[in-house]
Structures are given as C-alpha cells and as structure tokens.
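Student: To start, I am sharing the structure in question, which I have written as structure tokens.
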Amino acid sequence: MDDQNKNLILATVLSFLVILGWFFFFPPPETAVDPNATLTAVTDAEAPSAESTAPAATAPAATTEVAEALPEAPRLTVDTPRLAGSISLLGGRIDDLSLKTYRETLDPASPMVRLLSPVGKEQPYYAVFGWGAGSGMSAEDLPGAKTEWQIAKGGTLSPGQPVTLTWSNTKGMTFTRDISVDDRFMFTITDSVQNAGTAPATLFPYGIVARHGKPAGLQGYYVLHEGVVGRTDGKLTEQKYKDLEKLPVVEREGAQAEVIDATTDGWIGFTDKYWMTTLIPEQGQPFTAVTKFVASANIYQTEARHPVQTVAPGATITSTTHLFAGAKEWETIRAYESDLNVPGFIDSIDWGWFFFFTKPIFHVLHWLHGMIGNMGLAIIALTFVLKLLVLPLAYKSYVSMAKMKELQPEMEALKERAGEDKQKLQREMMQLYKEKKVNPAAGCLPILIQIPIFFSLYKVIFVTIELRHAPFFGWLKDLSAPDPSSLYNLFGLLPWAPPPHPSLMATIFIGALPILLGITMWLQQKLNPAPADPVQQQIFSYMPWIFMFMLGSFASGLVVYWITNNLITFSQQYLIMRSHGHKPDIFGNIRNSFKKKPAAAEAANKPTAPKGKAKK
C-alpha cells in the first residue's frame, strides 16, 4: 500500500473521528423547561366564518385561558393488555395513559412509563376531540374541551368493550362519541351528530394533541428527532419544538401556526425517542394538518381537522379518527400501516439520512433476534451477514493490498530512479499499476462502505425501542446504554459505584467492552507494517486508543458490533493475504511497534544546518 493509499485511508479515518467527536463532545444543549411557567388548557373552539375560508381548511382558532387545575370529573377506566389509565368525561379527554409493558428503568419494580398526563399534573399531555362551529353555529352549541359527557353505554374501556358517550345541546342536536381500543396502542373515536332540530347545522370535527411545555426527558441530539412528526399527501414532515417556536403568527389561528391542507392521506402528532401520540384521520379523504405554538401559554399543539359538513334536520353525520398512543414498536406500526392502510406510518420511526441502509439493517436484526432470542447475539449475527454482503469488495481490496506488498521492491526502485522528480515518479507508478493490474485505492473501499453502515447501525441501536433494555450476557443488561463496567472500580471488584454516563469520569474510566474494542483495532493494525512516514506512524498508533475512549460512551450494542467487525476483518484479511503468498508478520509488527527508533533514524529526522554555514 503506497503513500497515496495510506493518505486516503488516513483522511477517511480522520474525517470519521471528527464526525464522532462532534456528536460526542458537542451535542446541542437541552432546553430547560421552566417549572413555574403558566400552564393553559385548550378550551372550546371559536367558529370562523364559513365564507372566510375554504371548506377543507375551515378551522377552529383554539382559544386558551390561564389554567387552574381542571375541576374533578368522572372518569372511565382504560384497561388493556398494553395500556392502563383513564379518560376524563370532561371533554372526553384521553389524558391518563401508562404503558404496562415498559418500565422507566431496568428494575422490574420501577414505575410504568407514563405517556399522557392530565392538566393539573406534571407535564400535561393529552388528546381531545370536538366539533368546530361553521356558519350559523356558535361554540356554545357544540361539545368542547370542557363539556361533561354522559356515559350511554359501557364501563371499563377494553379490547372488544367500547364505550359510548352522549351530550345534547338546546337546539335538538345529540352528539354521540363511540370510543374503542385494540389490544395494542390504537384508539378509534367515532363522533356522530343527529339533528332533531328544525334548521340545518354546519360544523366540522377535529382532533387535538396538546403538550404543555417540552417533555422532561427531551434528548436534544441532532441524530434524534423529537417533536412533531406527520405526513400529508406522501410528504413526511418533522419539526422540532424549536421549529414550532419560530412559526409565523397566523391571525386566524390566534397563535404561531402552520396549516397544511391534505387531499388524500396523512397523519400528525408528537414523537419522543421511543413513544408517540398521533392523530390519524380517515385515509383517502381531505383533512387539514395544523402545528401550533401558543407562546403565552407554552403549549405545543397538533391538530387534524376534517372538512365542514352540513347536517340537515332529521339527518345524522359521522366522522372517525384513530389515535395512536404508545410505543414505536416496528412490528406494531408496520401492522397498522398495512391493516388500517396508513401510508408511510413506518416512517414515524426516525430512520435518519441513511434510511436506505437503516431500514433493511433493522429488518434483518429484528428477524435474527426472533430466531436467536438474544439481541446481543443477533447483533453479532448481523455483523456476519453484513461482512458476507461486502465480502466480494473486501476480497478485491485485500488481494490488491497483497499485490501492493509484492510490488514494494519495484516501488522502491522507482523512487530511487526518479529521485526528486515527483511527476516522473507518479507517471511510472501509474504505469506499473496498469501493467500489474493493481488498483491502489482498492484498500480504502471497505473503509468507505463501513462508514454509512456504522452510522445506520448506530441509528438503529439509538432510536429503536426493540434495543431499549435489551440484555446480552453478564453485566450487559441494556444494549442501548453504554457499558456499565468501569476501570474506576476495577470492573466491580472494588466496593464503590462506577461514575455515571455521561460524565468526564465515565469517559476516562472506560468499561471492559471499549478496552476490548481498542485491543482488536490494535491487533488489526498489526497485520501490516507501520507506515514509513513518522507522522502517519504516530497517528495510526494512537488511533485504536482514541476510538477506545470515544466509543466508550456509545451504546454497548454498537461496541459489540464494532468488536465483532474487527475480529472478522482481521480473519478475512489474514486468510486472503496468506492465500496470495503474503503471510502477515503479526508478531514481528508487534515487536517492532515496541522498539525504540534507531539513533540513525532520529538523526535523519533532525533539521540540518543550512548550507554554507560552518558548524561551530
């Protein structure tokens, strides 16, 4: 491998180090949520004039008021295999949900993950449904956020046991709300209006997901999207909370807002790292997607508004909206995308820039986990699969490297003949490569393809809930978290706790996995002699230990992948180079790395006195 090839590898690796270092040392700061901020509650919608907007865009301009805790109201219990909570009859709010199968920590006795919370509690976050007033109607004639519904049918909301709520106004109109839930995370809300009055009524249904303040566990990393996620007519939309705060003020909305009219399909809601609350209107029909930030109340809001409808005397109209409230499980979301015909719903999982790698990588990993039953072993098996896929490329690379070793004597002879004439040396080297059919850049190809694969797997391990709290063996209880062992307490032999991640102490006193990573990278380097250039030699010698400390705070699942990848690469390169007559002198290269530089070489590297000046 000549100097140009080494320079290309060096530039690639250094670029990789810069990217890793940026993510590690410069994550965006988390925005603190003011615990004393005034909270507000979404109230009944004001009716815009029907003639002022197009039917599909006719929208409730939600008003707010300073929120005291909402008055106590009767509640319906929600009890499913995956969900526990209640629905307030005040507004029919779905505002109290916990996830039965997910705990806050690894301790099985820790609290269930709480997804939704009512106004008056910490971090209010809820879904509310209602009707907006069209021409000739007023907000008082419609059920809204503070309407107390009556139970007409049912008790506890469970799969196969829906509940029915009713409310009537003074104009002979009866509003009925049927709520059902499946055995996973999907609610179905069917609102209907029966007009027993003497005049037609114009109105439209809507759904709102409101969040008071930013979530307490906001990660704030560039590689992770948290905030609004939605889709309208095939276009995916992602907006962070700071993006909502920069929206222009829309007078009709009475807040900072963005209004998008969809004609055929879509959905909108809020996503966290692992959890999501999303409104899904009936697909194949127009709706209006709204994102909103009410600065005075510190409320972030998404809305799905259906078109304006007119219900004639004696007639009934109906509208259905689905609400996903739960964990972003790949299988579950994919099933909803297929069964409910929700286009692009799988993209609510943040697959990142390399989605064309990330999606298939996760698909294979999920399948391997199902076959093996252990996520750590599945990651190791996935590494073998990926290495097998790039084996033809790696084979050509290692064959080219072996041929380059064979050409070393001829290369040295060319350098002696060319002397200081760099252009002549370059021409003759290119001619030699052509005659011997050697590609000097082939050795870099496996490194280049490794970068997007690494980041794709990093994304998979970081954002997919299937890796959350997934155990491997021994001390590795959570492959989505850094290695919990530490040099600080000699990997548990000393009677004190290791430093927590993230912290400077945890970065310095790394765990067993990162140390093993550094050793495998170092051994892989010893397949080849050190570069002749002293600067390159020093950089290459430090590289394994730099990676060791940098990746020490990464998810342990990613480190397991990297270690396995190093071991497979070592074996492949060793066998392929031996098969082409070049046996790597591993032990000799290791011995040479510990030898002191000869005095002659040191003298040669020292600057000499300028010509013409005598040495005193």
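To be explicit about the labels: the chains of the structure tokens are called A, B, and onward in the order shown, and within each one the residues are counted from 1, while ligands get numbers from 1 in the order they are shown.
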Find the residues around range 147-156 of chain A up to 7 Å (only C-alpha atoms counted), leave out those fewer than 5 positions away in its own chain, and share them as a list in words.

Tutor: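 Those residues are Leu76, Thr77, Val78, Asp79, Leu89, Leu90, Gly91, Gly92, Pro162, Val163, Thr164, Leu165, Thr166 and Trp167 of chain A.
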
Student: Convert the current residue selection to file output with C-alpha atoms, as a compact mmCIF listing (two decimals), in the first residue's frame.

Tutor:
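Saved the output as again18.txt:
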```txt
# COMPACT_ATOMS: atom_id res chain seq x y z
CA LEU A 76 -63.67 5.93 32.51
CA THR A 77 -61.07 3.26 33.25
CA VAL A 78 -58.80 2.13 30.40
CA ASP A 79 -57.51 -1.40 30.88
CA LEU A 89 -65.63 12.76 30.91
CA LEU A 90 -64.79 16.47 30.99
CA GLY A 91 -64.21 17.00 27.29
CA GLY A 92 -63.83 13.27 26.74
CA PRO A 162 -66.18 0.01 23.63
CA VAL A 163 -67.88 2.85 25.46
CA THR A 164 -70.43 5.37 24.20
CA LEU A 165 -70.70 8.97 25.42
CA THR A 166 -73.51 11.43 24.64
CA TRP A 167 -74.25 15.13 25.00
```

Student: Mind checking which residues fall within 12 Å of Thr278 in chain A, counting only C-alpha atoms, ignoring those fewer than 4 positions away in the same chain, and posting them as a PyMOL selection string?

Tutor: chain A and resi 126-128+185-188+207-210+227-231+266-272+289+301-304+321-328+333+342+345+348

Student: Write out as a tab-separated table (two decimals) with N, CA, C and O atoms, in the first residue's frame the residues lying within 9 Å of range 484-491 of chain A, counting only C-alpha atoms and excluding same-chain residues fewer than 2 positions away.

Tutor:
```tsv
chain	number	residue	atom	x	y	z
A	475	TRP	N	-22.86	-8.66	32.77
A	475	TRP	CA	-23.12	-7.31	33.27
A	475	TRP	C	-23.83	-6.42	32.25
A	475	TRP	O	-24.26	-5.32	32.57
A	476	LEU	N	-23.95	-6.87	31.00
A	476	LEU	CA	-24.57	-6.06	29.95
A	476	LEU	C	-26.09	-6.30	29.96
A	476	LEU	O	-26.59	-7.23	29.32
A	477	LYS	N	-26.79	-5.45	30.68
A	477	LYS	CA	-28.24	-5.59	30.84
A	477	LYS	C	-29.04	-4.75	29.86
A	477	LYS	O	-30.24	-4.91	29.73
A	481	ALA	N	-27.55	1.19	26.10
A	481	ALA	CA	-26.82	2.06	27.04
A	481	ALA	C	-25.33	1.74	26.99
A	481	ALA	O	-24.92	0.66	26.57
A	482	PRO	N	-24.47	2.67	27.44
A	482	PRO	CA	-23.02	2.38	27.49
A	482	PRO	C	-22.70	1.24	28.44
A	482	PRO	O	-23.49	0.90	29.33
A	493	LEU	N	-14.83	-5.09	41.19
A	493	LEU	CA	-14.08	-5.76	42.27
A	493	LEU	C	-13.96	-4.87	43.50
A	493	LEU	O	-13.85	-5.37	44.63
A	494	LEU	N	-13.96	-3.55	43.29
A	494	LEU	CA	-13.86	-2.63	44.42
A	494	LEU	C	-15.26	-2.17	44.86
A	494	LEU	O	-16.16	-2.03	44.02
A	495	PRO	N	-15.44	-1.92	46.16
A	495	PRO	CA	-16.80	-1.70	46.69
A	495	PRO	C	-17.31	-0.27	46.53
A	495	PRO	O	-17.74	0.35	47.51
A	496	TRP	N	-17.23	0.29	45.32
A	496	TRP	CA	-17.87	1.58	45.09
A	496	TRP	C	-18.41	1.63	43.66
A	496	TRP	O	-18.00	0.88	42.79
A	497	ALA	N	-19.38	2.50	43.49
A	497	ALA	CA	-20.11	2.56	42.22
A	497	ALA	C	-19.27	3.21	41.13
A	497	ALA	O	-18.47	4.11	41.41
A	498	PRO	N	-19.43	2.79	39.89
A	498	PRO	CA	-18.72	3.44	38.79
A	498	PRO	C	-19.32	4.82	38.52
A	498	PRO	O	-20.46	5.09	38.89
A	499	PRO	N	-18.58	5.71	37.85
A	499	PRO	CA	-19.14	7.03	37.51
A	499	PRO	C	-20.26	6.90	36.50
A	499	PRO	O	-20.20	6.04	35.61
A	500	PRO	N	-21.29	7.71	36.62
A	500	PRO	CA	-22.44	7.59	35.71
A	500	PRO	C	-22.13	8.18	34.34
A	500	PRO	O	-21.29	9.07	34.19
A	501	HIS	N	-22.84	7.69	33.34
A	501	HIS	CA	-22.79	8.26	31.99
A	501	HIS	C	-23.91	9.28	31.85
A	501	HIS	O	-25.01	9.05	32.34
A	505	MET	N	-15.61	11.59	34.10
A	505	MET	CA	-15.04	10.43	34.79
A	505	MET	C	-15.39	9.14	34.05
A	505	MET	O	-14.54	8.24	33.92
A	506	ALA	N	-16.63	9.03	33.56
A	506	ALA	CA	-17.03	7.83	32.82
A	506	ALA	C	-16.26	7.72	31.51
A	506	ALA	O	-15.95	6.62	31.04
A	508	ILE	N	-13.18	8.77	31.03
A	508	ILE	CA	-11.80	8.39	31.35
A	508	ILE	C	-11.72	6.95	31.83
A	508	ILE	O	-10.90	6.16	31.34
A	509	PHE	N	-12.60	6.60	32.77
A	509	PHE	CA	-12.57	5.24	33.34
A	509	PHE	C	-13.56	4.36	32.57
A	509	PHE	O	-14.67	4.08	33.02
A	510	ILE	N	-13.12	3.94	31.40
A	510	ILE	CA	-13.99	3.21	30.48
A	510	ILE	C	-14.23	1.78	30.96
A	510	ILE	O	-13.58	1.29	31.89
A	511	GLY	N	-15.16	1.11	30.29
A	511	GLY	CA	-15.53	-0.24	30.67
A	511	GLY	C	-14.77	-1.32	29.92
A	511	GLY	O	-13.86	-1.04	29.11
A	512	ALA	N	-15.16	-2.56	30.15
A	512	ALA	CA	-14.46	-3.70	29.56
A	512	ALA	C	-14.63	-3.77	28.05
A	512	ALA	O	-13.67	-4.08	27.31
A	513	LEU	N	-15.85	-3.50	27.55
A	513	LEU	CA	-16.08	-3.57	26.11
A	513	LEU	C	-15.22	-2.58	25.33
A	513	LEU	O	-14.60	-2.96	24.33
A	556	SER	N	-23.62	0.02	24.16
A	556	SER	CA	-22.79	-1.19	24.20
A	556	SER	C	-23.09	-2.11	23.02
A	556	SER	O	-22.21	-2.85	22.56
```

Student: Do you know which residues are at most 9 Å from range 110-112 of chain A counting only C-alpha atoms, after dropping those on the same chain fewer than 3 positions away, and could you put them as a list in words?

Tutor: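 Those residues are Ser98, Leu99, Lys100, Thr101, Tyr102, Arg103, Glu104, Thr105, Leu106 and Asp107 of chain A.
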
Student: Quick check for you: according to DSSP on this backbone, which residues of range 385-440 of chain A are classed as alpha helix (DSSP H)? Reply as a ChimeraX atom specification.

Tutor: /A:385-389,391-406,408-418,422-436

Student: Would you give me, as a Markdown table, each residue of range 440-502 of chain A having an atom within 9 Å of an atom of range 543-555 of chain A, along with its shortest atom pair and that distance in Å to one decimal, using only C-alpha atoms and sorting by chain and residue number?

Tutor:
```
| residue | atom | partner | partner_atom | distance |
| --- | --- | --- | --- | --- |
| A:Tyr458 | CA | A:Ala555 | CA | 8.1 |
| A:Ile461 | CA | A:Ala555 | CA | 7.2 |
| A:Phe462 | CA | A:Ala555 | CA | 7.3 |
| A:Asp478 | CA | A:Ala555 | CA | 8.6 |
| A:Leu479 | CA | A:Ala555 | CA | 6.1 |
| A:Ser480 | CA | A:Ala555 | CA | 4.9 |
| A:Ala481 | CA | A:Ala555 | CA | 4.5 |
| A:Pro482 | CA | A:Ala555 | CA | 4.5 |
| A:Asp483 | CA | A:Ala555 | CA | 7.2 |
| A:His501 | CA | A:Ser553 | CA | 7.0 |
| A:Pro502 | CA | A:Ser553 | CA | 7.1 |
```

Student: Which one is closest to Glu337 in chain A: A:Ile94, A:Leu407, A:Ile280, A:Ala139? Count only C-alpha atoms.

Tutor: A:Ile280

Student: Which is closest to Ser135 in chain A among A:Lys424, A:Pro343, A:Gln256, A:Gln309, if we use only C-alpha atoms?

Tutor: A:Gln309

Student: Quick one: which range 269-345 of chain A residues come within 8 Å of range 238-245 of chain A, and what is the nearest atom pair for each with the distance in Å to one decimal, counting only C-alpha atoms, rows ordered by chain and ascending number, as CSV?

Tutor:
```
residue,atom,partner,partner_atom,distance
A:Thr291,CA,A:Leu244,CA,7.3
A:Lys292,CA,A:Leu244,CA,6.6
A:Phe293,CA,A:Leu244,CA,5.8
A:Ala295,CA,A:Glu245,CA,7.5
A:Tyr300,CA,A:Leu244,CA,7.5
```

Student: Between A:Pro124, A:Gly85, A:Gly419, A:Pro313, which one has atoms that come closest to Lys214 in chain A, using only C-alpha atoms?

Tutor: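 Between A:Pro124, A:Gly85, A:Gly419, A:Pro313, the residue approaching Lys214 in chain A most closely is A:Pro124.
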
Student: Mind listing the strand (DSSP E or B) residues of range 307-513 of chain A, per DSSP on the backbone, as a list in words?

Tutor: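 DSSP on the backbone gives strand (DSSP E or B) at Gln309, Thr310, Val311, Thr316, Ile317, Thr318, Ser319, Thr320, Thr321, His322, Leu323, Phe324, Ala325, Gly326 and Ala327 of chain A.
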
Student: For CA of Gly234 in chain A and CA of Glu258 in chain A, determine how far apart the two atoms are, in Å to one decimal place.

Tutor: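 The value is 17.6 Å.
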